[in-house]
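**Student:** Following this line is work.cif, made up of mmCIF, C-alpha atoms:
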```cif
data_target
#
loop_
_atom_site.label_atom_id
_atom_site.label_comp_id
_atom_site.auth_asym_id
_atom_site.auth_seq_id
_atom_site.Cartn_x
_atom_site.Cartn_y
_atom_site.Cartn_z
CA MET A 478 106.63 80.99 26.27
CA ALA A 479 105.64 84.29 27.83
CA ASP A 480 106.86 87.33 25.94
CA LEU A 481 109.03 89.39 28.32
CA ARG A 482 109.77 92.17 25.84
CA THR A 483 108.77 95.61 27.08
CA ILE A 484 108.05 99.02 25.67
CA PHE A 485 108.25 101.42 28.59
CA ALA A 486 107.51 105.08 27.84
CA GLY A 487 108.52 104.30 24.26
CA ILE A 488 111.78 102.61 25.36
CA LYS A 489 112.23 99.05 24.12
CA SER A 490 114.07 96.30 25.95
CA PRO A 491 114.19 92.50 25.60
CA ASN A 492 112.99 91.97 29.17
CA PRO A 493 111.74 94.16 32.05
CA PHE A 494 114.85 93.73 34.21
CA TRP A 495 116.99 96.87 34.34
CA LEU A 496 119.85 97.70 36.67
CA ALA A 497 119.01 100.77 38.73
CA SER A 498 121.15 103.88 38.84
CA ALA A 499 123.84 102.89 41.35
CA PRO A 500 127.42 101.54 41.56
CA PRO A 501 126.64 98.59 39.22
CA THR A 502 126.01 101.09 36.39
CA ASP A 503 128.85 103.49 37.15
CA LYS A 504 130.99 102.67 34.11
CA ALA A 505 131.02 100.91 30.76
CA TYR A 506 132.89 97.87 32.13
CA ASN A 507 130.06 97.03 34.53
CA VAL A 508 127.30 97.77 32.04
CA ARG A 509 128.84 95.56 29.35
CA ARG A 510 129.11 92.68 31.81
CA ALA A 511 125.47 93.23 32.76
CA PHE A 512 124.27 93.20 29.17
CA ASP A 513 126.31 90.10 28.41
CA ALA A 514 124.65 88.46 31.42
CA GLY A 515 121.19 89.19 29.99
CA TRP A 516 119.91 92.39 31.62
CA GLY A 517 117.37 94.19 29.47
CA GLY A 518 118.53 97.68 30.34
CA VAL A 519 120.39 99.93 32.71
CA VAL A 520 119.90 103.31 34.28
CA TRP A 521 123.40 104.80 34.21
CA LYS A 522 124.63 106.03 37.57
CA THR A 523 123.53 109.61 38.12
CA LEU A 524 125.50 112.23 36.23
CA GLY A 525 125.97 115.82 37.36
CA GLU A 526 127.92 118.88 36.43
CA ASP A 527 131.69 119.12 36.40
CA PRO A 528 133.72 119.21 38.54
CA PRO A 529 132.54 115.79 39.83
CA VAL A 530 131.43 115.25 43.40
CA VAL A 531 133.84 113.79 45.97
CA ASN A 532 132.81 110.56 47.67
CA VAL A 533 133.88 109.23 51.07
CA SER A 534 135.18 105.92 52.43
CA SER A 535 133.49 103.82 53.82
CA ARG A 536 130.18 104.10 52.00
CA TYR A 537 127.98 101.14 52.94
CA GLY A 538 126.34 99.85 56.07
CA ALA A 539 124.44 96.54 56.19
CA LEU A 540 121.54 95.13 58.15
CA ASN A 541 122.04 91.40 58.72
CA TYR A 542 119.16 89.57 60.38
CA ASN A 543 118.87 86.09 61.82
CA GLY A 544 121.79 84.78 59.80
CA ASN A 545 120.73 86.42 56.55
CA ARG A 546 123.17 88.90 55.03
CA LEU A 547 122.18 92.22 53.53
CA MET A 548 118.52 92.21 54.47
CA GLY A 549 118.99 95.96 54.17
CA LEU A 550 121.77 98.07 52.73
CA ASN A 551 122.51 101.65 53.68
CA ASN A 552 124.72 103.83 51.51
CA ILE A 553 126.18 107.31 51.83
CA GLU A 554 127.56 107.35 48.30
CA LEU A 555 126.82 110.33 46.10
CA ILE A 556 126.30 110.58 42.35
CA SER A 557 129.03 109.65 39.86
CA ASP A 558 132.46 110.94 40.83
CA ARG A 559 133.81 110.42 37.31
CA PRO A 560 134.17 113.30 34.81
CA LEU A 561 131.02 114.01 32.84
CA ALA A 562 132.81 113.73 29.48
CA VAL A 563 134.11 110.25 30.34
CA ASN A 564 130.65 109.02 31.28
CA LEU A 565 129.06 110.48 28.16
CA ALA A 566 131.66 108.90 25.86
CA GLU A 567 131.14 105.49 27.48
CA ILE A 568 127.35 105.77 27.26
CA LYS A 569 127.59 106.57 23.56
CA GLN A 570 129.82 103.58 22.83
CA VAL A 571 127.80 101.14 24.93
CA LYS A 572 124.56 102.13 23.22
CA ARG A 573 126.20 101.62 19.82
CA ASP A 574 127.45 98.19 20.85
CA TYR A 575 124.14 97.07 22.44
CA PRO A 576 121.44 98.75 20.32
CA ASP A 577 118.70 96.39 21.52
CA ARG A 578 119.18 97.22 25.21
CA ALA A 579 117.62 100.11 27.09
CA VAL A 580 120.14 102.74 28.21
CA ILE A 581 118.64 105.45 30.41
CA VAL A 582 120.77 108.18 31.92
CA SER A 583 120.07 109.38 35.45
CA LEU A 584 120.63 113.11 35.95
CA MET A 585 120.95 115.49 38.86
CA VAL A 586 122.05 119.10 38.50
CA PRO A 587 121.19 122.24 40.48
CA CYS A 588 117.57 123.33 40.41
CA VAL A 589 118.34 126.05 37.86
CA GLU A 590 116.89 126.05 34.35
CA GLU A 591 120.20 126.81 32.66
CA SER A 592 121.88 123.80 34.30
CA TRP A 593 119.28 121.42 32.92
CA LYS A 594 119.24 123.16 29.55
CA ALA A 595 123.02 122.72 29.30
CA ILE A 596 123.32 119.03 30.19
CA LEU A 597 120.35 117.64 28.24
CA PRO A 598 121.82 118.08 24.71
CA LEU A 599 125.04 116.40 25.86
CA VAL A 600 123.10 113.34 26.98
CA GLU A 601 120.89 113.33 23.90
CA GLU A 602 123.96 113.26 21.66
CA THR A 603 124.99 109.89 23.15
CA GLY A 604 121.98 108.17 21.63
CA ALA A 605 120.65 107.16 25.04
CA ASP A 606 117.04 106.01 25.10
CA GLY A 607 115.83 108.30 27.87
CA ILE A 608 116.63 110.17 31.04
CA GLU A 609 115.69 109.61 34.66
CA LEU A 610 115.49 112.68 36.87
CA ASN A 611 116.96 111.78 40.25
CA PHE A 612 114.63 113.51 42.69
CA GLY A 613 115.24 110.92 45.37
CA CYS A 614 118.78 110.86 46.78
CA PRO A 615 118.25 111.46 50.54
CA HIS A 616 121.82 112.25 51.60
CA GLY A 617 124.67 114.48 50.57
CA MET A 618 122.98 115.86 47.49
CA SER A 619 119.80 116.86 49.32
CA GLU A 620 121.89 119.13 51.54
CA ARG A 621 122.92 120.85 48.29
CA ASN A 622 119.27 121.44 47.36
CA MET A 623 119.17 118.56 44.90
CA GLY A 624 117.85 114.99 45.02
CA ALA A 625 115.19 114.53 47.69
CA ALA A 626 115.19 118.26 48.39
CA VAL A 627 113.54 118.63 44.98
CA GLY A 628 111.47 115.46 45.16
CA GLN A 629 109.82 116.53 48.41
CA VAL A 630 108.44 119.75 46.86
CA PRO A 631 105.81 119.02 44.19
CA GLU A 632 106.19 122.49 42.68
CA TYR A 633 109.90 121.83 42.05
CA VAL A 634 109.15 118.39 40.61
CA GLU A 635 106.72 119.90 38.13
CA MET A 636 109.03 122.78 37.26
CA VAL A 637 112.13 120.71 36.53
CA THR A 638 110.15 118.07 34.67
CA ARG A 639 108.68 120.80 32.47
CA TRP A 640 112.15 122.18 31.74
CA CYS A 641 113.38 118.76 30.67
CA LYS A 642 110.40 118.11 28.43
CA GLN A 643 111.05 121.50 26.83
CA TYR A 644 114.74 120.91 26.15
CA THR A 645 114.94 117.26 25.09
CA ARG A 646 113.21 114.84 22.76
CA MET A 647 114.10 111.89 25.01
CA PRO A 648 111.48 110.25 27.24
CA VAL A 649 111.59 111.75 30.73
CA ILE A 650 111.25 109.40 33.72
CA VAL A 651 110.87 111.06 37.11
CA LYS A 652 112.39 109.11 40.02
CA LEU A 653 110.38 109.75 43.17
CA THR A 654 111.55 109.84 46.77
CA PRO A 655 109.82 107.69 49.41
CA ASN A 656 110.84 110.23 52.06
CA ILE A 657 107.51 111.99 51.87
CA THR A 658 104.12 111.65 53.53
CA ASN A 659 102.03 111.28 50.37
CA ILE A 660 103.64 109.85 47.23
CA ILE A 661 100.66 110.94 45.14
CA MET A 662 101.55 114.64 45.34
CA PRO A 663 104.95 114.47 43.57
CA ALA A 664 103.57 111.87 41.14
CA LEU A 665 100.78 114.25 40.13
CA ALA A 666 103.33 117.05 39.85
CA ALA A 667 105.49 114.93 37.55
CA LYS A 668 102.49 114.24 35.34
CA ARG A 669 101.57 117.93 35.21
CA GLY A 670 105.12 118.66 34.14
CA GLY A 671 104.74 116.25 31.24
CA ALA A 672 106.65 113.22 32.57
CA ASP A 673 106.52 110.19 30.33
CA ALA A 674 106.83 107.86 33.34
CA VAL A 675 107.79 107.68 37.01
CA SER A 676 110.17 105.34 38.82
CA LEU A 677 110.15 104.46 42.51
CA ILE A 678 111.19 104.00 45.16
CA ASN A 679 114.50 105.67 45.72
CA THR A 680 116.26 104.93 49.00
CA VAL A 681 114.74 105.54 52.41
CA GLN A 682 116.50 108.00 54.70
CA SER A 683 118.03 106.01 57.54
CA VAL A 684 120.75 105.28 60.06
CA ILE A 685 121.60 101.58 59.69
CA GLY A 686 123.12 101.18 63.14
CA VAL A 687 125.56 102.55 65.70
CA ASP A 688 129.12 101.39 66.34
CA LEU A 689 128.98 101.05 70.12
CA ASP A 690 132.77 101.11 70.47
CA LEU A 691 133.31 104.27 68.42
CA MET A 692 129.90 105.68 69.38
CA ALA A 693 129.20 106.79 65.84
CA PRO A 694 126.54 105.95 63.26
CA MET A 695 127.59 103.39 60.67
CA PRO A 696 129.28 103.36 58.24
CA VAL A 697 131.96 105.25 60.16
CA VAL A 698 134.07 107.78 58.27
CA GLY A 699 137.01 109.02 60.30
CA GLY A 700 135.18 108.57 63.59
CA LYS A 701 131.88 110.11 62.44
CA GLY A 702 128.76 108.96 60.62
CA THR A 703 125.72 110.36 58.90
CA HIS A 704 122.31 109.29 57.64
CA GLY A 705 122.14 107.49 54.32
CA GLY A 706 119.79 105.79 51.89
CA TYR A 707 118.23 102.43 52.83
CA CYS A 708 117.50 99.78 50.21
CA GLY A 709 117.36 96.03 49.73
CA PRO A 710 114.76 93.38 50.67
CA ALA A 711 113.66 95.26 53.80
CA VAL A 712 112.18 98.16 51.80
CA LYS A 713 110.09 96.01 49.44
CA PRO A 714 106.82 96.50 51.42
CA ILE A 715 107.24 100.28 51.27
CA ALA A 716 107.86 100.15 47.53
CA LEU A 717 104.85 97.93 46.80
CA ARG A 718 102.52 100.23 48.72
CA MET A 719 103.70 103.41 47.01
CA ILE A 720 103.64 101.85 43.54
CA GLY A 721 100.12 100.57 44.19
CA ASP A 722 98.97 103.97 45.41
CA ILE A 723 100.08 105.56 42.15
CA ALA A 724 98.74 102.76 39.95
CA ARG A 725 95.24 102.92 41.44
CA HIS A 726 94.92 106.72 41.51
CA PRO A 727 92.35 107.82 38.91
CA ASP A 728 94.31 110.95 37.93
CA LEU A 729 97.47 108.92 37.31
CA ALA A 730 95.89 106.16 35.25
CA GLY A 731 98.09 105.15 32.36
CA LEU A 732 101.28 106.72 33.73
CA PRO A 733 103.99 104.05 33.28
CA ILE A 734 105.77 102.97 36.47
CA SER A 735 109.27 101.55 36.73
CA GLY A 736 109.30 99.70 40.04
CA MET A 737 112.25 99.13 42.35
CA GLY A 738 112.99 98.60 46.01
CA GLY A 739 114.00 95.13 47.19
CA ILE A 740 113.54 93.09 44.01
CA GLY A 741 115.76 90.01 44.22
CA SER A 742 113.77 87.14 42.74
CA TRP A 743 111.24 86.38 40.04
CA ARG A 744 108.52 86.32 42.68
CA ASP A 745 109.40 89.86 43.79
CA ALA A 746 109.30 90.88 40.13
CA ALA A 747 105.85 89.35 39.63
CA GLU A 748 104.53 91.16 42.71
CA PHE A 749 105.84 94.53 41.51
CA LEU A 750 104.30 93.97 38.09
CA ALA A 751 101.00 92.90 39.64
CA MET A 752 100.96 96.13 41.67
CA GLY A 753 101.22 98.26 38.56
CA ALA A 754 104.86 98.41 37.47
CA SER A 755 105.66 97.70 33.81
CA SER A 756 109.45 97.74 34.09
CA LEU A 757 111.69 96.70 36.98
CA GLN A 758 114.93 98.04 38.40
CA VAL A 759 117.33 96.02 40.56
CA CYS A 760 120.37 97.13 42.55
CA THR A 761 121.05 95.53 45.94
CA ALA A 762 120.45 91.96 44.78
CA ALA A 763 122.93 92.44 41.92
CA MET A 764 125.48 93.89 44.34
CA HIS A 765 124.95 90.92 46.66
CA TYR A 766 124.92 88.05 44.17
CA GLY A 767 126.31 89.41 40.91
CA PHE A 768 124.79 90.00 37.50
CA ARG A 769 123.95 86.35 36.81
CA ILE A 770 120.92 86.50 39.10
CA VAL A 771 119.05 87.87 36.10
CA ASP A 772 119.01 84.34 34.63
CA ASP A 773 116.93 83.03 37.53
CA MET A 774 114.63 86.06 37.45
CA ILE A 775 113.99 85.75 33.71
CA ASP A 776 113.47 81.98 33.80
CA GLY A 777 111.35 82.10 36.94
CA LEU A 778 109.11 84.95 35.79
CA SER A 779 108.65 83.44 32.34
CA GLY A 780 107.80 80.01 33.74
CA TRP A 781 105.33 81.39 36.26
CA MET A 782 103.63 83.56 33.62
CA ASP A 783 103.24 80.48 31.42
CA GLN A 784 101.59 78.59 34.29
CA LYS A 785 99.22 81.48 34.96
CA ASN A 786 98.51 82.15 31.28
CA TYR A 787 99.93 85.67 31.19
CA ALA A 788 101.11 86.08 27.62
CA ASP A 789 103.19 89.21 28.12
CA ILE A 790 104.11 91.95 30.59
CA PRO A 791 101.13 94.23 29.81
CA SER A 792 98.70 91.39 30.55
CA LEU A 793 100.23 90.97 34.03
CA SER A 794 100.88 94.60 34.95
CA GLY A 795 98.34 95.96 37.43
CA GLN A 796 96.39 92.74 37.92
CA ALA A 797 96.31 93.22 41.72
CA ILE A 798 95.17 96.85 41.59
CA PRO A 799 91.38 96.22 41.48
CA ARG A 800 91.77 94.31 44.77
CA PHE A 801 94.06 96.90 46.38
CA VAL A 802 91.44 98.88 48.28
CA ASN A 803 91.12 101.21 51.24
CA TRP A 804 90.54 99.58 54.64
CA GLY A 805 86.92 100.71 54.71
CA GLU A 806 86.14 98.62 51.61
CA LEU A 807 87.09 95.31 53.27
CA ASN A 808 84.34 92.83 54.15
CA LEU A 809 83.91 92.90 57.94
CA LYS A 810 81.90 89.69 57.82
CA PHE A 811 84.78 87.67 56.40
CA LYS A 812 86.35 85.37 58.99
CA THR A 813 89.13 82.82 59.11
CA ILE A 814 90.07 80.40 61.88
CA ALA A 815 93.48 78.84 62.40
CA ASP A 816 93.87 75.11 61.90
CA ILE A 817 96.86 73.12 63.20
CA ASP A 818 98.00 70.03 61.30
CA GLN A 819 98.85 67.73 64.20
CA ASP A 820 100.88 65.40 61.98
CA ALA A 821 103.13 68.28 60.88
CA CYS A 822 103.37 69.95 64.31
CA ILE A 823 106.77 69.58 66.01
CA GLY A 824 105.49 70.74 69.39
CA CYS A 825 107.68 73.82 69.66
CA GLY A 826 104.88 75.85 71.24
CA LEU A 827 105.66 79.11 69.47
CA CYS A 828 102.05 79.46 68.33
CA HIS A 829 100.75 79.01 71.89
CA ILE A 830 103.26 81.45 73.37
CA ALA A 831 102.53 84.14 70.78
CA CYS A 832 98.77 83.78 71.10
CA GLU A 833 98.72 83.44 74.89
CA ASP A 834 101.02 86.39 75.57
CA THR A 835 100.21 88.84 72.80
CA SER A 836 96.97 87.90 71.07
CA HIS A 837 93.66 86.26 72.00
CA GLN A 838 94.42 83.14 74.08
CA ALA A 839 92.94 80.99 71.33
CA ILE A 840 95.44 78.09 71.39
CA SER A 841 95.28 75.54 74.20
CA LYS A 842 98.20 73.47 75.47
CA SER A 843 97.85 69.93 76.78
CA TYR A 844 100.14 66.98 77.47
CA ILE A 845 99.04 63.80 75.70
CA ASN A 846 100.94 60.56 75.30
CA GLY A 847 104.21 62.11 76.37
CA LYS A 848 104.17 65.20 74.18
CA ASN A 849 102.78 68.70 74.12
CA VAL A 850 99.69 69.13 71.96
CA TYR A 851 98.42 72.51 70.78
CA GLU A 852 94.86 73.01 69.56
CA VAL A 853 92.89 76.02 68.37
CA ILE A 854 89.94 77.21 70.44
CA ASP A 855 87.66 78.10 67.57
CA GLU A 856 85.33 80.40 69.50
CA GLU A 857 88.27 82.54 70.67
CA CYS A 858 90.17 82.71 67.37
CA VAL A 859 89.82 86.04 65.56
CA GLY A 860 91.84 84.96 62.52
CA CYS A 861 94.72 87.38 63.09
CA ASN A 862 97.26 84.98 61.42
CA LEU A 863 99.99 85.52 64.05
CA CYS A 864 100.26 81.82 64.88
CA ALA A 865 100.73 80.90 61.22
CA HIS A 866 103.46 83.51 60.85
CA VAL A 867 105.49 82.40 63.88
CA CYS A 868 105.20 78.67 63.12
CA PRO A 869 108.54 77.37 61.77
CA ILE A 870 106.88 74.62 59.67
CA ASP A 871 105.40 75.58 56.32
CA ASP A 872 101.65 74.93 56.11
CA CYS A 873 101.48 73.40 59.56
CA ILE A 874 99.09 76.16 60.56
CA THR A 875 96.66 77.31 57.90
CA MET A 876 93.86 79.84 58.00
CA GLN A 877 90.50 78.36 57.09
CA PRO A 878 87.78 80.70 55.74
CA GLN A 879 84.43 80.29 57.46
CA PRO A 880 81.01 80.38 55.77
CA VAL A 881 79.59 83.91 55.67
CA GLU A 882 76.46 85.48 54.26
CA GLY A 883 76.71 88.75 52.42
CA GLU A 884 79.17 91.58 52.80
CA LEU A 885 79.44 94.47 55.24
CA THR A 886 81.94 97.30 54.88
CA TRP A 887 82.74 100.01 57.39
CA PRO A 888 80.73 102.75 55.66
CA GLU A 889 77.66 100.49 56.11
CA HIS A 890 78.47 99.25 59.64
CA PRO A 891 76.02 100.30 62.39
CA ASN A 892 78.93 101.32 64.65
CA ASN A 893 80.05 103.91 62.10
CA PRO A 894 78.55 107.26 63.12
CA ASN A 895 78.79 108.41 59.50
CA ARG A 896 77.47 105.20 57.97
CA VAL A 897 75.85 105.19 54.58
CA ALA A 898 72.13 104.65 54.86
CA ALA A 899 70.82 101.49 53.21
#
```
In structure tokens, write the structure found in this file.
**Tutor:**
Amino acid sequence: MADLRTIFAGIKSPNPFWLASAPPTDKAYNVRRAFDAGWGGVVWKTLGEDPPVVNVSSRYGALNYNGNRLMGLNNIELISDRPLAVNLAEIKQVKRDYPDRAVIVSLMVPCVEESWKAILPLVEETGADGIELNFGCPHGMSERNMGAAVGQVPEYVEMVTRWCKQYTRMPVIVKLTPNITNIIMPALAAKRGGADAVSLINTVQSVIGVDLDLMAPMPVVGGKGTHGGYCGPAVKPIALRMIGDIARHPDLAGLPISGMGGIGSWRDAAEFLAMGASSLQVCTAAMHYGFRIVDDMIDGLSGWMDQKNYADIPSLSGQAIPRFVNWGELNLKFKTIADIDQDACIGCGLCHIACEDTSHQAISKSYINGKNVYEVIDEECVGCNLCAHVCPIDDCITMQPQPVEGELTWPEHPNNPNRVAA
């Protein structure tokens, strides 16, 4: 069987599945239940200075779509509202009781050297395996010049990372915010500061919706609302892109990446690993379905890796990166044409409507033997894939590659005014 054991920035765990810093890791009770369920590690909910922060009620807003619950989750919760000493004592005991599991402590204190210098020895004394610097929280804490307010300024990322490397022996993981134009800049800053690894993505700044009766953003707190952090399945595409950008950057080669943002199945996990992650963090899926989902993720990932002959996590990590290229490197000669399986077609007409109204009028409609028949007009089809995506029947519409000779990229194309001479 595939070996799922990981060594991430020197931190060992029996599998790559960690719970992210969030409500599921807020106290020892939750963490023990998670470890008993099979999770390989946890990132303890973010600790700060005493006195603790004060949270509000309600704290969550949900995006439900087409009958599916929690396609996206928005939260306005802050860091841990429990006393620092209580958290530290629980971390110490949990690590003693589960020595084979990864226990990383998320931290967020004011952007002042003395604050970091003071809290790091307290965390180190617990025996925790590492720390994660929370430079991502986009609400509440950012207004206090912490969280994303630090993560959006590369100079601050480098400075705080350097302080932490100076004052602790523990591996330092820098958690990056997606609320930035170019994820490479803070990643490079973290590396300059000596980071042992990065983790991403943190939540995306958002307003989940508006209560049209109260006329306030949701979740509503005493008649008012605010922006929060967006997570769950809906943010997975954002996470994959940012992780891939870091993994393929030549100046960040070899920097370990802990990936998160919408992981809820073994297939999600495999995609994150393929895009360059070497450990995985999960939050929303655990909050939705409970800790036992890790069983399916472990079994599914292990079984798939066996089928594909990936012996361990390092052999899978980054496999998609050589084929994650800039648009200009794509072959402009490559062409696919849609093909409709008439035996599988149920005659709903969605492909025709989508193509006729919004694409290239490449699907004809006719009435034969008492039913609607839809056929692809090959010479009009540009291979955009829209018809295959709107079709409700799996594999009814497939995209068929056409024979091509050679390769032509945009830098070589005659229409490019700056084309590379042959």
**Student:** List the residues selected by the PyMOL selection byres ((chain A and resi 806) around 12) in the file shown, writing them as a list in words.
**Tutor:** Pro799, Arg800, Phe801, Val802, Asn803, Trp804, Gly805, Leu807, Asn808, Leu809, Lys810, Glu884, Leu885, Thr886, Trp887, Pro888, Glu889 and His890 of chain A
**Student:** Skip Leu827 (chain A) itself and residues of its chain fewer than 6 positions away, then list as a list in words all residues within 8 Å of it, counting all atoms listed in the file.
**Tutor:**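 What passes the distance filter is Cys864, Val867 and Cys868 of chain A.
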**Student:** Evaluated on this file, the PyMOL selection byres ((chain A and resi 723) around 12) picks out some residues - which ones are they, written as a PyMOL selection string?
**Tutor:** chain A and resi 653+659-665+667-668+674-678+716-722+724-736+752-754+795+798+801
**Student:** Using all atoms of region 554-559 of chain A that appear in the file, construct an axis-aligned enclosing box with 3 Å of padding on every side and provide its centre coordinates and edge lengths in Å, rounded to one decimal, as lines of an AutoDock Vina configuration file.
**Tutor:**
```
center_x = 130.1
center_y = 109.1
center_z = 42.8
size_x = 13.5
size_y = 9.6
size_z = 17.0
```
**Student:** Choose the residue, out of A:Lys848, A:His704, A:Arg510, A:His866, that has the smallest atom-to-atom separation from Val687 (chain A); count all atoms listed in the file.
**Tutor:**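 Closest candidate: A:His704.
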**Student:** Rounded to one decimal place, report the CA of Glu748 (chain A)-CA of Pro714 (chain A) distance in Å.
**Tutor:**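 Taking CA of Glu748 (chain A) as the start and CA of Pro714 (chain A) as the end point, the length is 10.5 Å.
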**Student:** Counting all atoms listed in the file, figure out which residue out of A:Val649, A:Cys588, A:Leu793, A:Ala815 gets nearest to Ala625 (chain A).
**Tutor:**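 Distance minimum relative to Ala625 (chain A) lands on A:Cys588.
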**Student:** Anything within 8 Å of (133.8, 105.0, 53.5): list those residues as a list in words, counting only C-alpha atoms and sticking to the file's coordinates.
**Tutor:**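 All residues meeting the 8 Å criterion around (133.8, 105.0, 53.5) are Val533, Ser534, Ser535, Arg536, Tyr537, Pro696, Val697 and Val698 of chain A.
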**Student:** Can you tell me which residues surround Thr483 (chain A) at a distance of at most 8 Å, considering only C-alpha atoms, apart from same-chain residues fewer than 4 positions away, and format the answer as number ranges by chain?
**Tutor:** A: 488-493, 755-756, 790
**Student:** Quick check, in Å to one decimal: how far apart do CA of Val508 (chain A) and CA of Asn532 (chain A) lie?
**Tutor:**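 Result for CA of Val508 (chain A) versus CA of Asn532 (chain A): 20.9 Å, one decimal.
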**Student:** Point out the residue among A:Val586, A:Ala666, A:Gly705, A:Asn543 with the least atom-to-atom distance to Gly617 (chain A), counting all atoms listed in the file.
**Tutor:**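 Of A:Val586, A:Ala666, A:Gly705, A:Asn543, the one nearest Gly617 (chain A), counting all atoms listed in the file, is A:Gly705.
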**Student:** Could you check how far CA of Thr603 (chain A) sits from CA of Phe512 (chain A), in Å to one decimal?
**Tutor:**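 Distance reported for this atom pair: 17.8 Å.
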**Student:** Under the rule that all atoms listed in the file are counted, which of A:Cys873, A:Ile657, A:Leu550, A:Val651 is the nearest residue to Val712 (chain A)?
**Tutor:** A:Leu550
**Student:** Care to translate the PyMOL selection byres ((chain A and resi 582) around 12) into actual residues of this file, as a PyMOL selection string?
**Tutor:** chain A and resi 496-499+502-504+518-525+557+561+564-565+567-569+572+579-581+583-585+596-597+599-611+647-652
